[in-house]
file model_14.txt (compact mmCIF, C-alpha atoms and all ligand atoms)
# COMPACT_ATOMS: atom_id res chain seq x y z
CA MET A 141 -110.14 143.04 -204.79
CA PRO A 142 -108.81 145.12 -207.69
CA GLY A 143 -107.21 143.44 -210.69
CA VAL A 144 -108.49 139.90 -210.12
CA THR A 145 -110.62 138.09 -212.65
CA LYS A 146 -111.80 134.62 -211.89
CA PRO A 147 -110.29 132.17 -214.44
CA ALA A 148 -112.96 130.33 -216.40
CA THR A 149 -111.06 127.12 -217.13
CA ARG A 150 -109.21 124.88 -214.73
CA LEU A 151 -105.48 124.53 -215.41
CA ARG A 152 -102.93 122.07 -214.06
CA ILE A 153 -99.71 123.83 -213.08
CA PRO A 154 -97.08 121.73 -211.30
CA GLN A 155 -94.70 123.38 -208.85
CA LEU A 156 -91.84 122.37 -211.16
CA ASP A 157 -91.97 121.12 -214.74
CA LEU A 158 -88.69 119.78 -216.13
CA GLN A 159 -90.30 118.37 -219.29
CA ALA A 160 -90.31 121.69 -221.17
CA GLN A 161 -86.57 122.16 -220.61
CA TYR A 162 -85.84 118.58 -221.67
CA ALA A 163 -87.94 118.87 -224.83
CA ALA A 164 -86.02 121.95 -225.95
CA LEU A 165 -82.58 120.37 -225.38
CA LYS A 166 -83.31 116.70 -226.00
CA ASP A 167 -81.15 116.24 -229.13
CA GLU A 168 -78.17 118.08 -227.67
CA LEU A 169 -78.40 116.23 -224.36
CA GLN A 170 -78.65 112.85 -226.01
CA ALA A 171 -75.65 113.69 -228.25
CA ALA A 172 -73.61 114.63 -225.15
CA ILE A 173 -74.53 111.35 -223.44
CA ALA A 174 -73.65 109.42 -226.62
CA ARG A 175 -70.26 111.20 -226.71
CA VAL A 176 -69.44 109.86 -223.23
CA CYS A 177 -70.70 106.37 -224.09
CA ASP A 178 -68.59 106.33 -227.24
CA SER A 179 -65.50 107.37 -225.26
CA GLN A 180 -66.16 104.74 -222.54
CA ARG A 181 -64.54 107.14 -220.07
CA PHE A 182 -66.91 107.53 -217.17
CA ILE A 183 -64.87 108.83 -214.25
CA LEU A 184 -62.36 111.74 -214.21
CA GLY A 185 -62.20 112.70 -217.86
CA PRO A 186 -62.46 115.64 -220.27
CA GLU A 187 -66.14 116.45 -219.60
CA GLY A 188 -65.57 116.94 -215.88
CA GLU A 189 -62.42 118.96 -216.47
CA ALA A 190 -64.17 121.22 -218.99
CA LEU A 191 -67.15 121.69 -216.67
CA GLU A 192 -64.84 122.68 -213.80
CA ARG A 193 -63.14 125.29 -216.03
CA GLU A 194 -66.46 126.67 -217.28
CA LEU A 195 -68.02 126.92 -213.84
CA ALA A 196 -64.89 128.38 -212.22
CA GLY A 197 -65.03 131.14 -214.87
CA TYR A 198 -68.74 131.68 -214.28
CA CYS A 199 -68.35 131.94 -210.51
CA GLY A 200 -65.26 134.15 -210.79
CA VAL A 201 -62.83 131.80 -209.01
CA PRO A 202 -59.61 130.11 -210.13
CA HIS A 203 -60.62 126.67 -208.80
CA ALA A 204 -63.71 124.49 -209.09
CA ILE A 205 -63.75 120.85 -208.03
CA GLY A 206 -66.55 118.66 -209.34
CA CYS A 207 -67.99 116.23 -206.82
CA ALA A 208 -70.81 113.75 -206.34
CA SER A 209 -73.41 116.02 -204.71
CA GLY A 210 -73.97 119.26 -202.86
CA SER A 211 -73.87 117.28 -199.63
CA ASP A 212 -70.37 116.03 -200.53
CA ALA A 213 -69.35 119.60 -201.41
CA LEU A 214 -70.24 120.62 -197.83
CA LEU A 215 -68.55 117.60 -196.27
CA LEU A 216 -65.39 118.10 -198.36
CA SER A 217 -65.25 121.76 -197.30
CA LEU A 218 -65.63 120.97 -193.60
CA VAL A 219 -63.07 118.14 -193.63
CA THR A 220 -60.57 120.11 -195.68
CA LEU A 221 -60.86 123.11 -193.38
CA GLY A 222 -59.95 120.83 -190.48
CA VAL A 223 -63.32 120.51 -188.72
CA THR A 224 -63.42 117.46 -186.42
CA HIS A 225 -65.79 115.79 -183.99
CA GLU A 226 -64.58 118.16 -181.28
CA ASP A 227 -65.81 121.25 -183.09
CA ASP A 228 -68.89 123.40 -183.30
CA VAL A 229 -70.00 124.85 -186.63
CA VAL A 230 -72.44 127.75 -186.89
CA THR A 231 -75.32 127.62 -189.36
CA VAL A 232 -79.05 128.35 -189.68
CA PRO A 233 -81.92 126.12 -188.52
CA PHE A 234 -83.99 127.04 -191.61
CA THR A 235 -82.35 125.23 -194.53
CA PHE A 236 -82.30 121.87 -196.26
CA PHE A 237 -81.26 119.04 -193.93
CA SER A 238 -77.91 118.55 -195.63
CA THR A 239 -76.36 121.78 -194.30
CA ALA A 240 -76.48 120.48 -190.74
CA GLY A 241 -76.31 116.85 -191.84
CA ALA A 242 -72.76 117.40 -193.15
CA ILE A 243 -71.76 118.81 -189.75
CA ALA A 244 -73.33 115.86 -187.93
CA ARG A 245 -71.64 113.34 -190.26
CA LEU A 246 -68.30 114.50 -188.84
CA GLY A 247 -69.53 114.07 -185.30
CA ALA A 248 -69.30 117.85 -184.93
CA ARG A 249 -72.10 119.95 -183.48
CA ALA A 250 -74.23 122.52 -185.29
CA VAL A 251 -74.72 125.75 -183.38
CA PHE A 252 -77.78 127.40 -184.85
CA VAL A 253 -78.33 131.14 -185.26
CA ASP A 254 -81.76 132.42 -186.26
CA ILE A 255 -82.64 133.87 -189.67
CA ASP A 256 -83.49 137.37 -190.82
CA PRO A 257 -87.26 137.09 -191.39
CA ARG A 258 -87.14 139.17 -194.57
CA THR A 259 -84.52 137.16 -196.47
CA PHE A 260 -84.81 133.79 -194.63
CA ASN A 261 -80.98 133.88 -194.41
CA LEU A 262 -78.54 134.01 -191.50
CA ASP A 263 -79.10 137.15 -189.40
CA ALA A 264 -75.66 138.76 -189.22
CA GLN A 265 -76.43 140.71 -186.03
CA LYS A 266 -77.54 137.53 -184.28
CA LEU A 267 -74.37 135.83 -185.49
CA ARG A 268 -72.27 138.56 -183.92
CA ALA A 269 -74.24 138.36 -180.66
CA ALA A 270 -73.84 134.57 -180.51
CA LEU A 271 -70.09 134.74 -181.11
CA GLN A 272 -69.64 137.55 -178.60
CA ALA A 273 -71.59 135.61 -175.97
CA ARG A 274 -69.34 132.58 -176.40
CA ARG A 275 -66.26 134.76 -176.19
CA SER A 276 -67.38 136.46 -172.99
CA GLU A 277 -68.21 133.07 -171.47
CA LYS A 278 -64.65 132.02 -172.45
CA ARG A 279 -66.01 129.11 -174.45
CA ARG A 280 -64.06 127.71 -177.38
CA GLY A 281 -65.03 129.43 -180.62
CA PRO A 282 -66.70 127.50 -183.44
CA ALA A 283 -64.55 126.09 -186.25
CA ALA A 284 -66.51 127.48 -189.20
CA VAL A 285 -69.72 129.22 -190.24
CA ILE A 286 -72.02 128.09 -193.06
CA PRO A 287 -74.36 130.79 -194.36
CA VAL A 288 -76.95 129.44 -196.81
CA HIS A 289 -78.12 131.42 -199.85
CA LEU A 290 -81.64 130.14 -199.46
CA PHE A 291 -84.12 130.06 -202.36
CA GLY A 292 -81.51 131.76 -204.61
CA GLN A 293 -80.94 134.90 -202.52
CA PRO A 294 -77.43 135.60 -201.20
CA ALA A 295 -76.94 135.84 -197.46
CA ASP A 296 -75.57 139.15 -196.12
CA MET A 297 -72.02 138.19 -197.08
CA ASP A 298 -70.30 141.54 -196.46
CA ALA A 299 -71.42 141.57 -192.84
CA ILE A 300 -70.88 137.83 -192.36
CA ASN A 301 -67.35 137.96 -193.79
CA GLN A 302 -66.47 140.90 -191.59
CA ILE A 303 -67.75 139.19 -188.43
CA ALA A 304 -66.07 135.92 -189.43
CA ALA A 305 -62.77 137.76 -189.86
CA GLU A 306 -63.11 139.33 -186.39
CA PHE A 307 -63.67 135.89 -184.86
CA ASP A 308 -61.18 134.09 -187.12
CA LEU A 309 -63.80 131.79 -188.65
CA PRO A 310 -63.65 130.33 -192.15
CA VAL A 311 -66.87 130.89 -194.13
CA ILE A 312 -68.33 128.02 -196.17
CA GLU A 313 -71.02 129.28 -198.54
CA ASP A 314 -73.89 126.86 -199.00
CA ALA A 315 -74.73 128.02 -202.53
CA ALA A 316 -76.62 124.84 -203.42
CA GLN A 317 -79.72 126.83 -204.41
CA ALA A 318 -78.08 129.95 -205.76
CA ILE A 319 -75.81 129.45 -208.76
CA GLY A 320 -75.51 132.81 -210.52
CA ALA A 321 -76.67 134.88 -207.53
CA GLU A 322 -74.56 137.94 -206.69
CA CYS A 323 -73.70 139.99 -203.65
CA ALA A 324 -72.23 143.46 -204.29
CA GLY A 325 -71.28 142.39 -207.81
CA ARG A 326 -69.58 139.15 -206.73
CA ARG A 327 -70.96 135.77 -207.66
CA VAL A 328 -71.78 133.42 -204.81
CA GLY A 329 -69.11 130.79 -204.41
CA SER A 330 -66.37 133.41 -204.73
CA ILE A 331 -67.02 135.21 -201.44
CA GLY A 332 -66.26 132.67 -198.69
CA ARG A 333 -63.33 130.24 -198.29
CA THR A 334 -65.34 127.68 -200.26
CA GLY A 335 -68.63 127.68 -202.15
CA CYS A 336 -70.77 124.53 -202.27
CA PHE A 337 -73.10 123.88 -205.20
CA SER A 338 -75.66 121.16 -205.85
CA PHE A 339 -76.78 120.04 -209.30
CA TYR A 340 -79.65 117.95 -207.99
CA PRO A 341 -82.09 117.73 -210.95
CA THR A 342 -84.48 120.40 -209.64
CA LYS A 343 -81.81 123.06 -209.14
CA ASN A 344 -81.41 126.08 -211.47
CA LEU A 345 -78.64 124.02 -213.11
CA GLY A 346 -79.72 120.40 -212.72
CA ALA A 347 -78.02 117.14 -213.70
CA PHE A 348 -79.68 113.83 -214.60
CA GLY A 349 -78.87 112.48 -211.15
CA ASP A 350 -76.70 113.66 -208.25
CA ALA A 351 -73.76 116.02 -208.80
CA GLY A 352 -72.05 118.93 -207.03
CA LEU A 353 -69.13 121.34 -207.06
CA VAL A 354 -66.85 123.15 -204.62
CA THR A 355 -65.30 126.49 -205.55
CA THR A 356 -62.42 128.30 -203.91
CA THR A 357 -59.87 131.02 -204.55
CA ASP A 358 -57.23 129.19 -202.47
CA SER A 359 -54.91 126.90 -204.51
CA ALA A 360 -53.68 124.83 -201.56
CA LEU A 361 -57.25 124.29 -200.39
CA ALA A 362 -58.27 123.32 -203.95
CA ASP A 363 -55.57 120.61 -204.01
CA ARG A 364 -56.76 119.22 -200.69
CA LEU A 365 -60.43 119.29 -201.73
CA ARG A 366 -59.61 117.42 -204.92
CA ALA A 367 -57.52 114.86 -203.07
CA MET A 368 -60.20 114.23 -200.42
CA SER A 369 -62.82 113.64 -203.13
CA ARG A 370 -60.56 110.86 -204.48
CA HIS A 371 -59.88 108.84 -201.34
CA GLY A 372 -57.17 111.26 -200.20
CA CYS A 373 -54.90 110.44 -203.12
CA THR A 374 -52.71 113.47 -203.92
CA HIS A 375 -50.03 112.40 -206.37
CA ASP A 376 -49.37 108.77 -207.17
CA LYS A 377 -52.20 106.37 -207.83
CA TYR A 378 -52.81 104.03 -204.87
CA HIS A 379 -50.72 106.20 -202.52
CA HIS A 380 -52.98 107.88 -199.96
CA ASP A 381 -51.82 110.82 -197.82
CA HIS A 382 -55.20 111.33 -196.18
CA VAL A 383 -58.33 109.31 -195.55
CA GLY A 384 -60.75 110.72 -198.09
CA TRP A 385 -63.68 109.00 -199.74
CA ASN A 386 -65.23 108.61 -203.18
CA ALA A 387 -66.95 111.92 -203.86
CA ARG A 388 -66.14 112.17 -207.58
CA LEU A 389 -68.31 113.72 -210.28
CA ASP A 390 -68.93 111.35 -213.18
CA GLU A 391 -68.56 112.11 -216.87
CA LEU A 392 -72.20 111.53 -217.84
CA GLN A 393 -73.41 114.14 -215.33
CA ALA A 394 -70.66 116.56 -216.38
CA ALA A 395 -71.63 116.21 -220.06
CA VAL A 396 -75.32 116.88 -219.28
CA LEU A 397 -74.41 119.86 -217.11
CA ARG A 398 -72.23 121.37 -219.85
CA VAL A 399 -75.16 121.36 -222.28
CA LYS A 400 -77.48 122.95 -219.71
CA PHE A 401 -74.87 125.44 -218.44
CA LYS A 402 -74.99 127.29 -221.79
CA HIS A 403 -78.59 128.25 -220.92
CA LEU A 404 -78.15 129.02 -217.22
CA GLU A 405 -78.00 132.81 -217.57
CA GLU A 406 -81.04 132.92 -219.85
CA TRP A 407 -82.91 130.65 -217.38
CA ASN A 408 -81.91 132.74 -214.37
CA ARG A 409 -83.11 135.88 -216.15
CA ALA A 410 -86.42 134.18 -216.97
CA ARG A 411 -86.82 133.16 -213.31
CA ILE A 412 -86.17 136.74 -212.17
CA ALA A 413 -88.75 138.01 -214.70
CA CYS A 414 -91.33 135.46 -213.47
CA ALA A 415 -90.72 136.58 -209.89
CA GLY A 416 -91.26 140.23 -210.88
CA ARG A 417 -94.50 139.27 -212.62
CA TYR A 418 -95.79 137.41 -209.54
CA ASP A 419 -94.98 140.49 -207.44
CA GLU A 420 -97.01 142.72 -209.76
CA LEU A 421 -99.95 140.34 -209.80
CA PHE A 422 -100.05 140.10 -206.00
CA LEU A 423 -99.83 143.88 -205.68
CA GLU A 424 -102.52 144.48 -208.32
CA ALA A 425 -104.77 142.05 -206.45
CA GLY A 426 -104.20 143.97 -203.22
CA LEU A 427 -102.97 140.78 -201.55
CA ALA A 428 -99.52 142.05 -200.57
CA ASP A 429 -97.70 145.21 -199.60
CA ALA A 430 -95.31 146.85 -202.08
CA GLN A 431 -92.80 147.51 -199.30
CA LYS A 432 -92.66 143.79 -198.50
CA ALA A 433 -92.93 144.89 -194.88
CA TYR A 434 -92.49 142.24 -192.24
CA PRO A 435 -94.41 141.45 -190.17
CA ASP A 436 -97.32 142.68 -192.30
CA GLU A 437 -100.55 142.52 -190.33
CA LYS A 438 -102.65 144.10 -193.10
CA HIS A 439 -102.17 141.70 -196.03
CA PRO A 440 -102.56 137.93 -196.28
CA VAL A 441 -99.44 137.46 -198.41
CA VAL A 442 -95.84 138.64 -198.02
CA ILE A 443 -93.99 138.60 -201.36
CA PRO A 444 -90.23 137.95 -201.45
CA TYR A 445 -87.96 140.71 -200.21
CA ARG A 446 -84.83 141.42 -202.25
CA ALA A 447 -81.73 142.34 -200.25
CA PRO A 448 -80.18 145.57 -201.54
CA ASN A 449 -77.19 145.26 -203.85
CA CYS A 450 -77.84 141.57 -204.48
CA ARG A 451 -79.00 139.43 -207.38
CA HIS A 452 -81.62 136.90 -206.27
CA VAL A 453 -81.88 134.09 -208.85
CA PHE A 454 -85.20 132.70 -207.59
CA HIS A 455 -84.53 129.03 -207.27
CA GLN A 456 -87.89 129.30 -205.52
CA TYR A 457 -90.54 132.02 -205.33
CA VAL A 458 -91.55 131.75 -201.70
CA ILE A 459 -94.40 133.74 -200.20
CA ARG A 460 -95.49 133.90 -196.59
CA ALA A 461 -99.14 132.94 -196.46
CA ARG A 462 -100.66 134.39 -193.35
CA ASP A 463 -103.88 133.72 -191.57
CA PRO A 464 -105.25 137.28 -191.31
CA ALA A 465 -108.56 136.30 -189.74
CA GLY A 466 -107.04 133.79 -187.35
CA GLY A 467 -109.70 131.32 -188.45
CA GLY A 468 -107.47 128.63 -189.89
CA ALA A 469 -107.19 130.23 -193.38
CA GLY A 470 -103.42 129.93 -193.23
CA ARG A 471 -100.68 128.33 -195.29
CA ASP A 472 -101.79 124.70 -195.12
CA ALA A 473 -105.39 125.53 -196.01
CA LEU A 474 -104.20 127.66 -198.94
CA ARG A 475 -101.96 124.83 -200.11
CA LYS A 476 -104.85 122.38 -200.11
CA PHE A 477 -107.13 124.85 -201.89
CA LEU A 478 -104.51 125.40 -204.61
CA ALA A 479 -103.94 121.64 -205.01
CA ASP A 480 -107.69 121.17 -205.51
CA GLU A 481 -107.55 123.89 -208.18
CA GLY A 482 -104.63 122.20 -210.00
CA VAL A 483 -101.77 124.34 -208.65
CA GLY A 484 -98.74 122.53 -207.21
CA THR A 485 -96.87 124.11 -204.29
CA GLU A 486 -94.18 122.98 -201.86
CA VAL A 487 -93.22 123.78 -198.29
CA TYR A 488 -89.50 124.38 -197.89
CA TYR A 489 -89.17 123.57 -194.95
CA PRO A 490 -91.92 122.43 -192.61
CA LEU A 491 -89.73 121.60 -189.58
CA PRO A 492 -86.64 123.64 -188.61
CA LEU A 493 -83.49 121.65 -188.05
CA HIS A 494 -83.18 122.28 -184.30
CA LEU A 495 -86.47 120.38 -183.90
CA GLN A 496 -85.53 117.36 -186.04
CA SER A 497 -85.57 114.16 -184.02
CA CYS A 498 -82.19 113.00 -185.36
CA PHE A 499 -80.56 116.10 -183.84
CA HIS A 500 -82.07 115.60 -180.37
CA ALA A 501 -78.57 115.38 -178.87
CA TRP A 502 -78.14 119.09 -179.65
CA GLN A 503 -81.07 119.76 -177.30
CA GLY A 504 -83.02 122.16 -179.52
CA ARG A 505 -86.38 123.27 -178.11
CA GLU A 506 -89.45 124.90 -179.51
CA GLY A 507 -89.06 128.66 -179.10
CA ASP A 508 -85.27 128.64 -179.50
CA PHE A 509 -85.39 130.17 -183.00
CA PRO A 510 -88.71 131.98 -183.38
CA GLU A 511 -88.09 133.31 -186.89
CA ALA A 512 -87.14 129.91 -188.29
CA GLU A 513 -90.17 128.39 -186.57
CA ARG A 514 -92.52 131.08 -187.87
CA ALA A 515 -91.10 130.74 -191.40
CA SER A 516 -91.73 126.97 -191.24
CA ARG A 517 -95.41 127.67 -190.52
CA GLU A 518 -95.87 130.38 -193.17
CA VAL A 519 -93.72 129.70 -196.25
CA LEU A 520 -95.17 128.43 -199.50
CA ALA A 521 -93.21 127.94 -202.74
CA LEU A 522 -95.34 128.67 -205.81
CA PRO A 523 -94.77 127.20 -209.28
CA LEU A 524 -91.62 128.71 -210.77
CA TYR A 525 -89.48 127.67 -213.73
CA PRO A 526 -88.16 129.55 -216.75
CA GLU A 527 -90.91 128.25 -219.05
CA LEU A 528 -93.80 129.33 -216.77
CA THR A 529 -96.14 131.59 -218.78
CA PRO A 530 -97.80 134.86 -217.71
CA ASP A 531 -101.21 133.19 -218.14
CA GLN A 532 -100.21 130.40 -215.76
CA GLN A 533 -99.00 132.98 -213.23
CA ARG A 534 -102.27 134.91 -213.53
CA TYR A 535 -104.13 131.68 -212.82
CA VAL A 536 -102.01 130.98 -209.72
CA THR A 537 -102.44 134.46 -208.24
CA ALA A 538 -106.16 134.54 -209.10
CA LYS A 539 -106.56 131.28 -207.19
CA VAL A 540 -104.71 132.71 -204.19
CA ALA A 541 -107.03 135.73 -204.33
CA GLU A 542 -110.08 133.46 -204.57
CA PHE A 543 -108.91 131.59 -201.46
CA TYR A 544 -108.57 134.71 -199.37
CA LEU A 545 -111.84 136.22 -200.68
CA ARG A 546 -114.01 133.20 -200.05
CA PRO A 547 -116.93 133.97 -197.73
C1 LIG B 1 -79.41 124.45 -199.16
C2 LIG B 1 -78.94 123.10 -199.62
N1 LIG B 1 -77.79 122.61 -199.14
C3 LIG B 1 -77.31 121.43 -199.54
C4 LIG B 1 -77.97 120.65 -200.44
C5 LIG B 1 -77.44 119.31 -200.77
O1 LIG B 1 -77.27 119.08 -202.13
P1 LIG B 1 -77.42 117.59 -202.74
O2 LIG B 1 -78.87 117.24 -202.75
O3 LIG B 1 -76.85 117.74 -204.12
O4 LIG B 1 -76.63 116.68 -201.90
C6 LIG B 1 -79.16 121.13 -201.00
C7 LIG B 1 -79.87 120.36 -202.04
O5 LIG B 1 -80.87 119.85 -202.04
C8 LIG B 1 -79.67 122.38 -200.57
O6 LIG B 1 -80.82 122.86 -201.05
call {"tool": "encode", "arguments": {"input": "model_14.txt", "output": "structure tokens"}}
result
Amino acid sequence: MPGVTKPATRLRIPQLDLQAQYAALKDELQAAIARVCDSQRFILGPEGEALERELAGYCGVPHAIGCASGSDALLLSLVTLGVTHEDDVVTVPFTFFSTAGAIARLGARAVFVDIDPRTFNLDAQKLRAALQARRSEKRRGPAAVIPVHLFGQPADMDAINQIAAEFDLPVIEDAAQAIGAECAGRRVGSIGRTGCFSFYPTKNLGAFGDAGLVTTTDSALADRLRAMSRHGCTHDKYHHDHVGWNARLDELQAAVLRVKFKHLEEWNRARIACAGRYDELFLEAGLADAQKAYPDEKHPVVIPYRAPNCRHVFHQYVIRARDPAGGGAGRDALRKFLADEGVGTEVYYPLPLHLQSCFHAWQGREGDFPEAERASREVLALPLYPELTPDQQRYVTAKVAEFYLRP
């Protein structure tokens, strides 16, 4: 294959390496932690308030409410929008567990709609068809829709918002993987009724533990979200208007996040540059098609498609690894080969949510969502982080080429 030289030395490249980021910011991070320790204010203080202001500005919304995790951000959104155990909520079967887990926690039911195979995100046309079918069967409409901006790429928000408006559905953006991504010039988190962010340590903006955020443009909703994250307490301490729970963000996490937030844009740009470099290397090697056509029967690899008019912030660089010969040289064999050659990869996600045993009551069956199921068999996340070097990327792609060229 053109453009591939076999690397002489063996490297070890993890799928994610947080050490490089920590080394660069160690002094500043430790000073921020010391500041909180010195203040002895750990819950609801100036760090959290400042972080909320900074992230609201970044996302282009008037309100941001810090909370304990991305999962709590989803749960707070659902509860605050009035979803109950009697409701259905539409989302995708190809996402992290938590998206549907939050729905199930309320005793509500997730109604899945398949993904667009190019973006891995909610297929807007299938959403319309599903909602129309329910309407013509005179079934009660769902209470909300949760599109997920998977791997850092925004879902088709213009179309989804339009359909949601026609069917009177609030839109909850699951932006856990996509802070800084944009759709038609608007940052994710500012497009739906709420935006839900996770600062799990591996995210593009990661805390030193669990943390999350909900964004909204709606002041009344913001007040309710805040109250629900504090046991439903709206005004006076120990007076509860609603039954909320403890979903607060703590000051140590907020202080860490504020240090890292100053670098988020530079990191997102580095991720986008790394993704572009991987694309070039796969194309030079003749392993993938420049058009990112799907399905692509001619090449073993499909590189990530970028939706037009969007900014994909590459939380993950996810290829489809096909089995062109049909002889078992597919994703799992490639993954093992790369591991043996020192390259870490991950599979997000190996089992779609409609087939998870804990959701058996929703009666999902194999074949219900063919694109989600196919994605689960084909996706492979390659090493990607802002500090990844061109030489490391050349090694990774050369190893993929070696795998597909083996006799
Ligand atoms: C798409 C998606 N939704 C929700 C979550 C939940 O976030 P957290 O782990 O902070 O609860 C995650 C994070 O892992 C995620 O990737």
call {"tool": "atom_distance", "arguments": {"input": "model_14.txt", "atom1": "CA of Cys207 in chain A", "atom2": "CA of Ile300 in chain A"}}
result
26.2 Å
call {"tool": "residues_around", "arguments": {"input": "model_14.txt", "residues": "Val230 in chain A", "least_positions_apart": "4", "cutoff": "8 Å", "atoms": "all atoms listed in the file", "output": "list in words"}}
result
Ala250, Val251, Phe252, Val253, Pro282, Ala284, Val285 and Ile286 of chain A
call {"tool": "residues_around", "arguments": {"input": "model_14.txt", "residues": "Ala512 in chain A", "least_positions_apart": "5", "cutoff": "9 Å", "atoms": "only C-alpha atoms", "output": "list in words"}}
result
Val232, Pro233, Phe234, Asp254, Ile255, Asp256, Pro257, Phe260, Leu491, Pro492 and Arg517 of chain A
call {"tool": "residues_around", "arguments": {"input": "model_14.txt", "residues": "Leu392 in chain A", "least_positions_apart": "4", "cutoff": "7 Å", "atoms": "only C-alpha atoms", "output": "JSON, numbers by chain"}}
result
{"A": [173, 176, 182, 396]}
call {"tool": "residues_near_ligand", "arguments": {"input": "model_14.txt", "ligand": "ligand LIG 1 (chain B)", "cutoff": "7 Å", "atoms": "all atoms listed in the file", "output": "count of residues only"}}
result
20
call {"tool": "closest_residue", "arguments": {"input": "model_14.txt", "among": "A:Cys177, A:Met297, A:Val201, A:Ala367", "to": "Ser217 in chain A", "atoms": "all atoms listed in the file"}}
result
A:Ala367
call {"tool": "residues_around", "arguments": {"input": "model_14.txt", "residues": "range 447-451 of chain A", "least_positions_apart": "5", "cutoff": "6 Å", "atoms": "all atoms listed in the file", "output": "number ranges by chain"}}
result
A: 321-324
call {"tool": "decode", "arguments": {"input": "model_14.txt", "residues": "range 258-272 of chain A", "atoms": "N, CA and C atoms", "output": "mmCIF file, in the first residue's frame"}}
result
data_model
loop_
_atom_site.group_PDB
_atom_site.id
_atom_site.type_symbol
_atom_site.label_atom_id
_atom_site.label_comp_id
_atom_site.auth_asym_id
_atom_site.auth_seq_id
_atom_site.Cartn_x
_atom_site.Cartn_y
_atom_site.Cartn_z
ATOM 1 N N ARG A 258 -23.460 7.411 9.487
ATOM 2 C CA ARG A 258 -22.264 8.223 9.228
ATOM 3 C C ARG A 258 -21.811 8.951 10.490
ATOM 4 N N THR A 259 -22.736 9.520 11.234
ATOM 5 C CA THR A 259 -22.362 10.330 12.406
ATOM 6 C C THR A 259 -22.453 9.567 13.716
ATOM 7 N N PHE A 260 -23.124 8.413 13.728
ATOM 8 C CA PHE A 260 -23.430 7.640 14.942
ATOM 9 C C PHE A 260 -24.448 8.361 15.826
ATOM 10 N N ASN A 261 -25.056 9.415 15.348
ATOM 11 C CA ASN A 261 -26.025 10.192 16.147
ATOM 12 C C ASN A 261 -27.458 9.947 15.683
ATOM 13 N N LEU A 262 -28.397 10.380 16.513
ATOM 14 C CA LEU A 262 -29.828 10.203 16.224
ATOM 15 C C LEU A 262 -30.157 10.557 14.768
ATOM 16 N N ASP A 263 -30.848 9.651 14.080
ATOM 17 C CA ASP A 263 -31.254 9.876 12.697
ATOM 18 C C ASP A 263 -32.567 10.659 12.716
ATOM 19 N N ALA A 264 -32.489 11.916 12.267
ATOM 20 C CA ALA A 264 -33.648 12.809 12.394
ATOM 21 C C ALA A 264 -34.848 12.295 11.588
ATOM 22 N N GLN A 265 -34.584 11.687 10.433
ATOM 23 C CA GLN A 265 -35.720 11.204 9.628
ATOM 24 C C GLN A 265 -36.419 10.041 10.330
ATOM 25 N N LYS A 266 -35.615 9.206 10.982
ATOM 26 C CA LYS A 266 -36.214 8.076 11.717
ATOM 27 C C LYS A 266 -36.968 8.590 12.947
ATOM 28 N N LEU A 267 -36.479 9.673 13.520
ATOM 29 C CA LEU A 267 -37.200 10.278 14.655
ATOM 30 C C LEU A 267 -38.575 10.739 14.194
ATOM 31 N N ARG A 268 -38.591 11.437 13.052
ATOM 32 C CA ARG A 268 -39.881 11.930 12.544
ATOM 33 C C ARG A 268 -40.829 10.754 12.285
ATOM 34 N N ALA A 269 -40.298 9.717 11.635
ATOM 35 C CA ALA A 269 -41.141 8.564 11.295
ATOM 36 C C ALA A 269 -41.703 7.928 12.569
ATOM 37 N N ALA A 270 -40.864 7.811 13.600
ATOM 38 C CA ALA A 270 -41.323 7.171 14.847
ATOM 39 C C ALA A 270 -42.418 8.009 15.507
ATOM 40 N N LEU A 271 -42.244 9.329 15.492
ATOM 41 C CA LEU A 271 -43.239 10.188 16.144
ATOM 42 C C LEU A 271 -44.544 10.200 15.348
ATOM 43 N N GLN A 272 -44.402 10.190 14.012
ATOM 44 C CA GLN A 272 -45.605 10.175 13.173
ATOM 45 C C GLN A 272 -46.390 8.881 13.374
#
